[in-house]
Structures are given as structure tokens and as C-alpha cells.
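A.B. asks: Sharing a structure here in C-alpha cells format.
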Amino acid sequence: MKGPTLAALVFIGHVLASENSSVGILGHNGVDLGSWKSAYERASKFVSKLNTTQKVSIVTGGAATIDKETFPGFDFNDGSMGLLEYYYVSAFSQSSALSMTWDKDAVHAQARAVAREFYQKGVQVVFGPTSQPLGRTAWGGRAGETFGPDPYLNGIVTAETIKAYTAEGVVSQAKHFLLNEQETNRTNNIIAGYDSMSESEKRNFLGPYSANADDKTIHGLYLWPFYDAVKSVENYNLLMELLKDELGFPGLVYPDVSAQHAGLASAAGGLDYGSSTYWSESAITSMVRNGSLSVQRLNDMAIRNVVPYYQLNLDNGKQPATVGETDYVDVRANHSRLIRETGAKSIVLLKNVDGALPPQKPHIMGVFGANAGAAMAGPNYAYNPITGSGPTYDGHLATGTGSGQASFPLLVTPLAALTFRALQDGTMLHWILNDTYTSSETSALCAGTGVMPGYVNYAQDSDVCLVFINALAGEGEDRTELYNNNQDTMIKTVADNCNNMIVVINTMGPRLVDQWIEHENVTAVLYSSLLGQESGNSILDVLYGDVNPSARLTYTIAKNESDYNVRVCDTSECDFTKGVYIDYRYFDTYNITPRYEFGYGLSYTNFTYSNLTVPSIGSLSDVIANVTVTVTNTGDRAGADIPQSYMSYPDSAEQPVRQLRGFERVELARGEKSTVTFPIRRRDVSFWDVQAQKWAVKQGEYMFRVGASSRDLRLGGTVTVRTE
């Protein structure tokens, strides 16, 4: 694994490692187990009593009993948006929506609620959080399932999620490790003859595509969030060398679906949990007898499966028994309120001309677009029509597909929420829940009114027009478009005939807006990912000003598709030649003007920044400095701001022009001020030294800037770091 380049497969079941090495084995190589030490000792003692049959049972998902002590095995399930395929559970926000809150407390609260539902249904392991794909390409199908392309923000949110799962007694399975950045050619299933290959051929086989990234890119970008993930389980120190030794990971490595295609190669390479098809008792016994798989490594595999069981006290007998998917065990509690609040915190206000939002009890409101209303069927998983990858969805889009899908107990659509608000305000509603509607005849419902049901007539007859659009993507296929001609034509048609038009967007990834964003009648835009079961209520809360928008973009919205520097790779060798220069790191370093930059978001009030302090850095300990700034609400209503701290390395470090190094969400009443502190860790000023193969600090001048986005930087200060 050492050296200037690394070719690594997307799937963790295929890695390159010495078959008889003790690298990555717990208790070896100086790995600091920290608070996991007691659980490791218990797991080691238990496994030491087992025979090969029992160990094979454990590493293939089964149970084992010895001396009246039982490890029952784990029940695994997706996912971070709630229990997949279950009834009487909640449907939470997508991870990409959650990260747009930039709110650690909101992240923690949702994760605890998700974990609590898992625990009460008798499921021990969440397939989550989903840290990656990081978002190397805007066309990636699964980016909406994850926390975004900035490794600092991604890492903080990933760690906070793991802490919350752990607090509820549920095991987290952070994924996907590593370089799993697209769906195109992701699996080995399409390769003819793979299963007939020899073990040696499989071990050297690089699959449908090989993700080739250099050492600097792996450490400075893709591996960064996993440092936070591992530290979040109180461990200090990616499969054998990176994940288990360099990061000191004490848990188990689990393969993605259909990712394991070998027996010996996957066991020796670092996989700890696998299929009995490849790890049968006879196969494992043969490997151990001929010395190709050491007893030490087999024990390590079993121990890593058992350690989380003891670490989370799952042997205390308190967790309810696992229930069937349709059994009436209602675990939702008051989570609908939390989902609504979190959804509102996830909505970014991109545009608001002359206070178009919030609206003031309009007389007639026109509602347009399939995304405003319900689909023909649904929405629970058992008959959920949300499948495939879009590019759009004919109904309100509030969850994803595949493992990024939630199981709805119900869905509040925008039209449903608006209907109750219209009753309260005395507003008349017109709606067309279609993205391509045309009409040349008078509807019987409108006979005598002079208003035909069409975009033009309904728009002309409305005081305010709301157009709802979406962009669907998900597991199994990458995106084919970043904008949609039908939707954009609808928006322009309505805007040409309505002088106060508001666009509401729900999307699983960057959705371009330049076909209409500068239209004089497009007065406001609300933008978010997928908000879960309370989506319509969350949108209504922000739309009408019951909640002041505070969300920020976690990726860059470009002006044109060509402005993004990475497309989906369709060859067998995918070279990550752009290195660490993805998303805003690329836009800022190469001076490309975005439509809306990373970190951008408006409010219904105003904030000012003052009194920036950047203290000198003394010793290079863990937290080396605290950058502080005063934030003041200078507007006429309460609201929340998210000041962001960005750092620039000395030129000699050869890093992007600026990188996020701190953020906080602060709620302020009208006229209130608060001092916000950004702790700067040693790792935050470090870079990966390829020659030395370690994190190093470059001597020189570091610039710290604080502002409202990666481009709206209002204050700055420098500090000189000396490494002698």
C-alpha cells in the first residue's frame, strides 16, 4: 500500500495484502484500542474457546455458544433514513439533506431517533452512515445518499452520526470504503467467467473498473472522513494497512452486496464477514491446514465480529427480540416532529427578490409540477413506486432508491400542506400536477369561469405561482442529466405569465438552474435534497416564514454542465487525475465562477461578522488554536446563521486555494450577537507527505478566513507556523 500510487477496487472484498501478514490484526502493531480494550479482551477470551466450525459460523453471519455464553450474530439492515422494508417506522431525511443543515445537534438528534427505531425492532446494525461516494462527479448516482464532497464537513457529520448510533446501543456500519464514486461498472456481476477464475486470478483481477488514485488524493480527500469516523468510537490510531493499522479500526469489515468473489483472497486481504459460499467450513479448514490462512488471522476475523457486541453491551438482554417486517410494533414515537424540524433546517434559500418570501396571504395561488403532489401509488416500501434513477419522478420526491430508500408510514406532500394553509388564509388554489401539461379545451370543472386548466391561464390568474420540480438518482445507475428540459420549459412558461413565481426543488444531487434563474419573474428559489415523510410540512414552514431558512449548500451548483471537471468513467481503468481538486476546491483554485457556491444560503434576516481573532500557534498538539468571530443578527427577525472558517496553506504545500476548517450553526434573536469559536486541530493544518508517508505540517504562513460561504469571505487573518 505504500508508495506514490495506489490502485484499489471499489469493493472492500478485493484488496491487495500479504496473505500471511499480521498487518491489521488487533493486538498487534501497536494499535491503541482505547475504550474498546475491555470489549476486545472479552471477545478474545470468547473466541479462544471456539473450534473452527464455530468461528466459521461467526464470520459468515451465524451464532456460536461455548460455556453457556452465546454470540447470537447480528441482524443488519438499511439504513440512515430509517428501517428499510418495515412497517410502523419513520421515514427520515436523506443524508444529503441532513448535511445541508450544517447543524451537529440536528445530525445527532436524527441519528439517535433512527437508531432507537432499529433497536426497538430488534435490529443491531445500521448499514450507515453513508459517508461516500464523496461526490467526485456531479453525475454520480448515489451522491444524494451521502454527506457531500467536502471531507471536513463529511467527516464531522459522519462522526456525529456514529456517536449517536452508539449512544442508542446500535452498531454503525460506515460506508463505502473507499473510492466508490460511481455506479457505472460498479459490480463484477457483468464480467463473464469471473466465477470460473482461479483464486490467484481473482486476487489479481481489478473488476469492471479500477479506481486509481494517488497517495495524496486518498489521504487528503477520500480517507479524511474515516479518520473522524474511527475517532468517533474513541480510537486514536483502509482494509489492512490504512483502515486497521493507520486508522486503528477495531471493528469488522463487511462486503457490499455481491462484492465478495473469492475465499482466500478476501480473508487474507482484510474481509472479516463473508459468504458461506466462499467461506465454508471445509474451505476455511483447508486454508488453515495448508498455511495459506493463519489461525491468527481467522481468530482476528471472529474477534472483530464479536467486539462490537460487547462494546455496545448487547449482551445485557435489554434489547427487544427481532420482529417481522409487518408486525405491529410501532416505534415512531414523536419522530414526525423531529423529521419536520430537521427538514425545514435542510432547505436552502437560493434566491429571494425584494422579500418575495414569505408570501402575505395571497388571494389566488397556482401550484405546478408533479413534485407538488402524490404519486399514483405508495408510499410504503412494499409497493413504493420509486425505483431506478430518474431522471425525474412523477410525484413528490421525498426518499431515494435502493439502500437509500426509507419506508414511509405516510407522506405529507406540498399540495396537502398548502391546502390546509390555504384554508387558514382564505387562499384559492389552482394546481396542475404535471410537468408537461397542455390543454386546448375548457374543463368542465372550470366551465363558466373563463379560466382553462393550463400553465398560461392558471399562471395569469394567480397572485403567486409555485413550481415544484425534482431530480431523482440512486443506486444502480448514474445520472444522465443535471437539468431537465420538460421541467425547465414548464418553469419558463409559468414565469412568462406570472410576475411572482417561486421554484421549489427536491434533488438527489446538483440541479442546474441557469435556463431560468435570471428571469425577472423568478422571485424566489427553495432548494433541498429529500426530506422524508414530513416533506410538505417542512417546505411549508420555510415558505411561509414559520421557520427562517438557515441551510447551506454542501456542493457547488455550476452554471453549465461543462463547468464540472469530472464525468462518469466508462473504461476499465478510472484514473482520479483531478486529485483533491473536486467541487469547490476545483472551482476556487481554477477561478471558475459558479452559479451558487459551496456553503451558500440566504436568510429572511441579515448577519454581520466582526472581531475575528486568529491567535498564534504555539505547540502542535491536538487542538492548536481557536479562531473566533462575532456574529450579529442585524435584520428584523430571529434566525440562524452558519459562519464558516476556511484555511489556505502555504504555497509550498501544493494544496487547493482554500479548504473548510470549521463551521457552527448559531441561532440569534433580532439584534443579538454571539462569539463563535472554531477549534483548529493539528490535522487541520497538516498535509499528506508522500515521501515521508505521514501527516506533516508545512512551515510558513497560513491564512484563515471567515464568511457565509466559500466565496463570501468577510474577514481574514494570518498566522505563521514554525515546525522547528
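In the C-alpha cells, chains take the letters A, B, ... in the order shown, each chain's residues start at 1, and ligands count up from 1 in the order shown.
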Fewer than 5 positions away in the same chain doesn't count, so skip those; otherwise give me all residues within 9 Å of segment 531-542 of chain A, counting only C-alpha atoms, as a ChimeraX atom specification.
C.D. replies: /A:81,90-94,97-98,336-337,339-347,349,357-358,372,396-399,406,408-418,421,504,506,526,547-549
A.B. asks: Next, the residues of the selection above should be written as a tab-separated table (two decimals), in the first residue's frame with N, CA and C atoms.
C.D. replies:
chain	number	residue	atom	x	y	z
A	81	MET	N	-31.89	6.50	6.64
A	81	MET	CA	-33.18	7.19	6.54
A	81	MET	C	-34.29	6.43	7.25
A	90	SER	N	-40.47	5.27	10.90
A	90	SER	CA	-40.45	6.63	10.36
A	90	SER	C	-39.58	6.70	9.12
A	91	ALA	N	-39.91	7.67	8.26
A	91	ALA	CA	-39.11	7.93	7.06
A	91	ALA	C	-38.40	9.27	7.25
A	92	PHE	N	-37.10	9.20	7.50
A	92	PHE	CA	-36.31	10.38	7.83
A	92	PHE	C	-35.72	11.03	6.58
A	93	SER	N	-35.07	12.18	6.79
A	93	SER	CA	-34.42	12.90	5.69
A	93	SER	C	-33.25	12.10	5.14
A	94	GLN	N	-32.96	12.33	3.86
A	94	GLN	CA	-31.76	11.78	3.24
A	94	GLN	C	-30.51	12.36	3.91
A	97	ALA	N	-29.63	15.75	2.67
A	97	ALA	CA	-30.44	16.82	3.27
A	97	ALA	C	-29.92	17.14	4.66
A	98	LEU	N	-29.64	16.12	5.42
A	98	LEU	CA	-29.18	16.31	6.79
A	98	LEU	C	-27.90	17.14	6.85
A	336	SER	N	-42.08	12.25	14.04
A	336	SER	CA	-42.60	13.08	12.95
A	336	SER	C	-42.27	14.55	13.18
A	337	ARG	N	-42.32	14.98	14.43
A	337	ARG	CA	-41.99	16.37	14.75
A	337	ARG	C	-40.52	16.66	14.45
A	339	ILE	N	-38.61	15.04	12.33
A	339	ILE	CA	-38.40	14.99	10.88
A	339	ILE	C	-38.82	16.30	10.24
A	340	ARG	N	-39.94	16.86	10.68
A	340	ARG	CA	-40.41	18.14	10.15
A	340	ARG	C	-39.42	19.25	10.46
A	341	GLU	N	-38.94	19.31	11.69
A	341	GLU	CA	-37.99	20.35	12.07
A	341	GLU	C	-36.68	20.22	11.31
A	342	THR	N	-36.17	19.00	11.21
A	342	THR	CA	-34.91	18.77	10.51
A	342	THR	C	-35.05	19.08	9.03
A	343	GLY	N	-36.20	18.71	8.44
A	343	GLY	CA	-36.44	19.01	7.03
A	343	GLY	C	-36.41	20.50	6.77
A	344	ALA	N	-37.03	21.28	7.64
A	344	ALA	CA	-37.03	22.74	7.46
A	344	ALA	C	-35.62	23.30	7.58
A	345	LYS	N	-34.81	22.74	8.47
A	345	LYS	CA	-33.43	23.19	8.62
A	345	LYS	C	-32.57	22.82	7.41
A	346	SER	N	-33.08	21.91	6.55
A	346	SER	CA	-32.31	21.39	5.41
A	346	SER	C	-32.58	22.15	4.12
A	347	ILE	N	-33.50	23.12	4.13
A	347	ILE	CA	-33.92	23.80	2.89
A	347	ILE	C	-33.11	25.07	2.70
A	349	LEU	N	-32.35	28.56	0.92
A	349	LEU	CA	-32.95	29.67	0.18
A	349	LEU	C	-31.89	30.21	-0.78
A	357	LEU	N	-40.54	36.04	-0.50
A	357	LEU	CA	-40.86	35.12	0.59
A	357	LEU	C	-40.57	35.80	1.91
A	358	PRO	N	-41.38	35.55	2.91
A	358	PRO	CA	-42.61	34.74	2.89
A	358	PRO	C	-43.76	35.48	2.22
A	372	ALA	N	-45.28	18.47	-6.72
A	372	ALA	CA	-46.12	19.07	-5.69
A	372	ALA	C	-47.08	18.07	-5.06
A	396	HIS	N	-44.27	13.53	-5.64
A	396	HIS	CA	-43.37	14.26	-4.74
A	396	HIS	C	-42.23	13.35	-4.30
A	397	LEU	N	-41.01	13.81	-4.50
A	397	LEU	CA	-39.81	13.04	-4.23
A	397	LEU	C	-39.33	13.35	-2.81
A	398	ALA	N	-39.47	12.36	-1.92
A	398	ALA	CA	-39.09	12.58	-0.53
A	398	ALA	C	-38.18	11.49	0.02
A	399	THR	N	-37.84	10.49	-0.80
A	399	THR	CA	-36.84	9.50	-0.42
A	399	THR	C	-36.17	8.98	-1.68
A	406	ALA	N	-36.27	5.10	2.24
A	406	ALA	CA	-36.96	4.94	3.51
A	406	ALA	C	-38.30	4.26	3.30
A	408	PHE	N	-42.02	4.61	4.14
A	408	PHE	CA	-42.95	5.62	4.62
A	408	PHE	C	-44.16	5.01	5.35
A	409	PRO	N	-44.51	5.56	6.50
A	409	PRO	CA	-45.81	5.23	7.07
A	409	PRO	C	-46.90	6.10	6.43
A	410	LEU	N	-46.49	7.23	5.89
A	410	LEU	CA	-47.35	8.19	5.19
A	410	LEU	C	-46.43	9.22	4.56
A	411	LEU	N	-47.00	10.08	3.72
A	411	LEU	CA	-46.21	11.15	3.11
A	411	LEU	C	-47.05	12.41	3.04
A	412	VAL	N	-46.55	13.49	3.63
A	412	VAL	CA	-47.19	14.79	3.53
A	412	VAL	C	-46.61	15.49	2.31
A	413	THR	N	-47.41	15.65	1.26
A	413	THR	CA	-46.95	16.32	0.05
A	413	THR	C	-47.08	17.83	0.19
A	414	PRO	N	-46.38	18.60	-0.64
A	414	PRO	CA	-46.55	20.05	-0.59
A	414	PRO	C	-47.98	20.50	-0.83
A	415	LEU	N	-48.68	19.86	-1.78
A	415	LEU	CA	-50.05	20.27	-2.06
A	415	LEU	C	-50.95	20.03	-0.86
A	416	ALA	N	-50.74	18.91	-0.15
A	416	ALA	CA	-51.54	18.65	1.04
A	416	ALA	C	-51.29	19.71	2.10
A	417	ALA	N	-50.02	20.05	2.32
A	417	ALA	CA	-49.70	21.06	3.33
A	417	ALA	C	-50.24	22.43	2.92
A	418	LEU	N	-50.10	22.77	1.65
A	418	LEU	CA	-50.60	24.06	1.15
A	418	LEU	C	-52.11	24.16	1.25
A	421	ARG	N	-53.01	25.27	4.68
A	421	ARG	CA	-52.63	26.68	4.87
A	421	ARG	C	-53.59	27.60	4.11
A	504	VAL	N	-39.51	25.48	-6.21
A	504	VAL	CA	-39.12	24.60	-5.11
A	504	VAL	C	-38.51	23.35	-5.72
A	506	ASN	N	-36.49	19.62	-5.13
A	506	ASN	CA	-36.01	18.50	-4.33
A	506	ASN	C	-35.14	17.64	-5.24
A	526	LEU	N	-36.36	27.82	-3.48
A	526	LEU	CA	-36.03	26.96	-2.35
A	526	LEU	C	-35.44	25.67	-2.89
A	547	VAL	N	-40.43	29.11	9.82
A	547	VAL	CA	-39.03	28.79	10.07
A	547	VAL	C	-38.19	29.65	9.15
A	548	ASN	N	-37.24	30.37	9.71
A	548	ASN	CA	-36.33	31.18	8.92
A	548	ASN	C	-35.27	30.27	8.30
A	549	PRO	N	-35.14	30.24	6.98
A	549	PRO	CA	-34.19	29.30	6.36
A	549	PRO	C	-32.75	29.56	6.82
A.B. asks: Please report as JSON lines every residue of segment 440-511 of chain A lying within 12 Å of segment 130-134 of chain A, along with the nearest atom pair and their distance in Å (one decimal), using only C-alpha atoms.
C.D. replies:
{"residue": "A:Gly474", "atom": "CA", "partner": "A:Pro133", "partner_atom": "CA", "distance": 11.6}
{"residue": "A:Glu475", "atom": "CA", "partner": "A:Pro133", "partner_atom": "CA", "distance": 11.1}
{"residue": "A:Asp478", "atom": "CA", "partner": "A:Pro133", "partner_atom": "CA", "distance": 11.9}
{"residue": "A:Gly509", "atom": "CA", "partner": "A:Leu134", "partner_atom": "CA", "distance": 11.7}
A.B. asks: Excluding Leu223 of chain A and its own-chain neighbours fewer than 5 positions away, which residues fall within 12 Å of it when counting only C-alpha atoms? Please give them as a ChimeraX atom specification.
C.D. replies: /A:131-134,150-152,154-155,175-180,213-218,228-230,238-239,242-243,246-247,580,688
A.B. asks: So that I have them on file, write out the residues from the current selection with N, CA and C atoms, as a short mmCIF file (atom, residue, chain, number, x, y, z; two decimals), in the first residue's frame.
C.D. replies:
data_model
loop_
_atom_site.label_atom_id
_atom_site.label_comp_id
_atom_site.auth_asym_id
_atom_site.auth_seq_id
_atom_site.Cartn_x
_atom_site.Cartn_y
_atom_site.Cartn_z
N SER A 131 -20.98 7.73 4.25
CA SER A 131 -20.06 8.84 4.05
C SER A 131 -19.75 9.04 2.57
N GLN A 132 -19.58 7.92 1.84
CA GLN A 132 -19.16 8.02 0.46
C GLN A 132 -19.98 7.09 -0.42
N PRO A 133 -20.15 7.46 -1.74
CA PRO A 133 -19.30 8.32 -2.56
C PRO A 133 -19.25 9.77 -2.06
N LEU A 134 -18.04 10.28 -2.13
CA LEU A 134 -17.81 11.64 -1.67
C LEU A 134 -18.49 12.65 -2.60
N ASP A 150 -17.10 17.69 0.57
CA ASP A 150 -16.04 18.26 1.40
C ASP A 150 -15.67 17.28 2.51
N PRO A 151 -14.41 16.84 2.57
CA PRO A 151 -14.05 15.81 3.55
C PRO A 151 -14.15 16.28 4.99
N TYR A 152 -13.93 17.56 5.23
CA TYR A 152 -14.02 18.06 6.61
C TYR A 152 -15.46 17.99 7.11
N ASN A 154 -17.97 16.34 5.77
CA ASN A 154 -18.38 14.94 5.71
C ASN A 154 -17.91 14.18 6.94
N GLY A 155 -16.67 14.39 7.31
CA GLY A 155 -16.11 13.68 8.46
C GLY A 155 -16.78 14.04 9.76
N LYS A 175 -19.98 3.42 5.52
CA LYS A 175 -19.70 3.00 4.15
C LYS A 175 -19.62 4.23 3.25
N HIS A 176 -19.11 4.13 2.04
CA HIS A 176 -18.49 2.96 1.42
C HIS A 176 -16.99 3.22 1.36
N PHE A 177 -16.24 2.25 1.69
CA PHE A 177 -14.81 2.37 1.83
C PHE A 177 -14.13 1.58 0.70
N LEU A 178 -13.57 2.17 -0.20
CA LEU A 178 -13.09 3.51 -0.44
C LEU A 178 -13.10 3.72 -1.95
N LEU A 179 -13.19 4.94 -2.45
CA LEU A 179 -13.15 5.30 -3.88
C LEU A 179 -14.35 4.76 -4.64
N ASN A 180 -15.47 4.54 -3.95
CA ASN A 180 -16.71 4.04 -4.57
C ASN A 180 -17.48 5.24 -5.08
N ALA A 213 -6.11 6.12 -7.67
CA ALA A 213 -5.87 7.42 -7.05
C ALA A 213 -4.50 7.43 -6.40
N ASP A 214 -3.83 8.57 -6.45
CA ASP A 214 -2.51 8.65 -5.84
C ASP A 214 -2.62 8.78 -4.32
N ASP A 215 -1.50 8.64 -3.68
CA ASP A 215 -1.44 8.61 -2.22
C ASP A 215 -1.96 9.91 -1.60
N LYS A 216 -1.59 11.03 -2.19
CA LYS A 216 -2.03 12.33 -1.68
C LYS A 216 -3.54 12.46 -1.75
N THR A 217 -4.12 12.04 -2.87
CA THR A 217 -5.57 12.14 -3.06
C THR A 217 -6.32 11.26 -2.08
N ILE A 218 -5.84 10.04 -1.89
CA ILE A 218 -6.51 9.12 -0.97
C ILE A 218 -6.53 9.68 0.45
N ASP A 228 -12.25 10.75 11.11
CA ASP A 228 -13.25 11.20 12.07
C ASP A 228 -14.16 10.06 12.49
N ALA A 229 -14.51 9.17 11.55
CA ALA A 229 -15.39 8.06 11.86
C ALA A 229 -14.75 7.13 12.89
N VAL A 230 -13.49 6.80 12.72
CA VAL A 230 -12.80 5.91 13.64
C VAL A 230 -12.60 6.59 14.99
N LEU A 238 -6.95 1.24 4.95
CA LEU A 238 -8.46 1.20 4.83
C LEU A 238 -8.44 -0.19 4.89
N LEU A 239 -8.29 -1.35 4.21
CA LEU A 239 -8.56 -2.53 4.97
C LEU A 239 -7.39 -2.84 5.93
N LEU A 242 -4.37 0.70 5.82
CA LEU A 242 -4.95 2.02 6.04
C LEU A 242 -6.00 2.00 7.14
N LEU A 243 -7.02 1.17 7.00
CA LEU A 243 -8.12 1.17 7.95
C LEU A 243 -7.72 0.58 9.29
N GLU A 246 -3.32 2.08 10.12
CA GLU A 246 -3.14 3.53 10.16
C GLU A 246 -4.25 4.22 10.94
N LEU A 247 -5.50 3.75 10.75
CA LEU A 247 -6.62 4.36 11.47
C LEU A 247 -6.94 3.64 12.77
N VAL A 580 -7.18 16.00 -5.54
CA VAL A 580 -8.01 16.58 -4.48
C VAL A 580 -8.87 17.73 -5.01
N TRP A 688 -0.64 15.44 3.60
CA TRP A 688 -0.03 14.12 3.49
C TRP A 688 1.29 14.22 2.75
#
A.B. asks: Can you pull out every residue within 12 Å of Gly579 of chain A, counting only C-alpha atoms, but drop anything in the same chain fewer than 3 positions away, and send it as a VMD selection string?
C.D. replies: chain A and resid 5 136 179 211 to 222 565 to 566 575 to 576 582 to 583 585 to 586 654 to 656
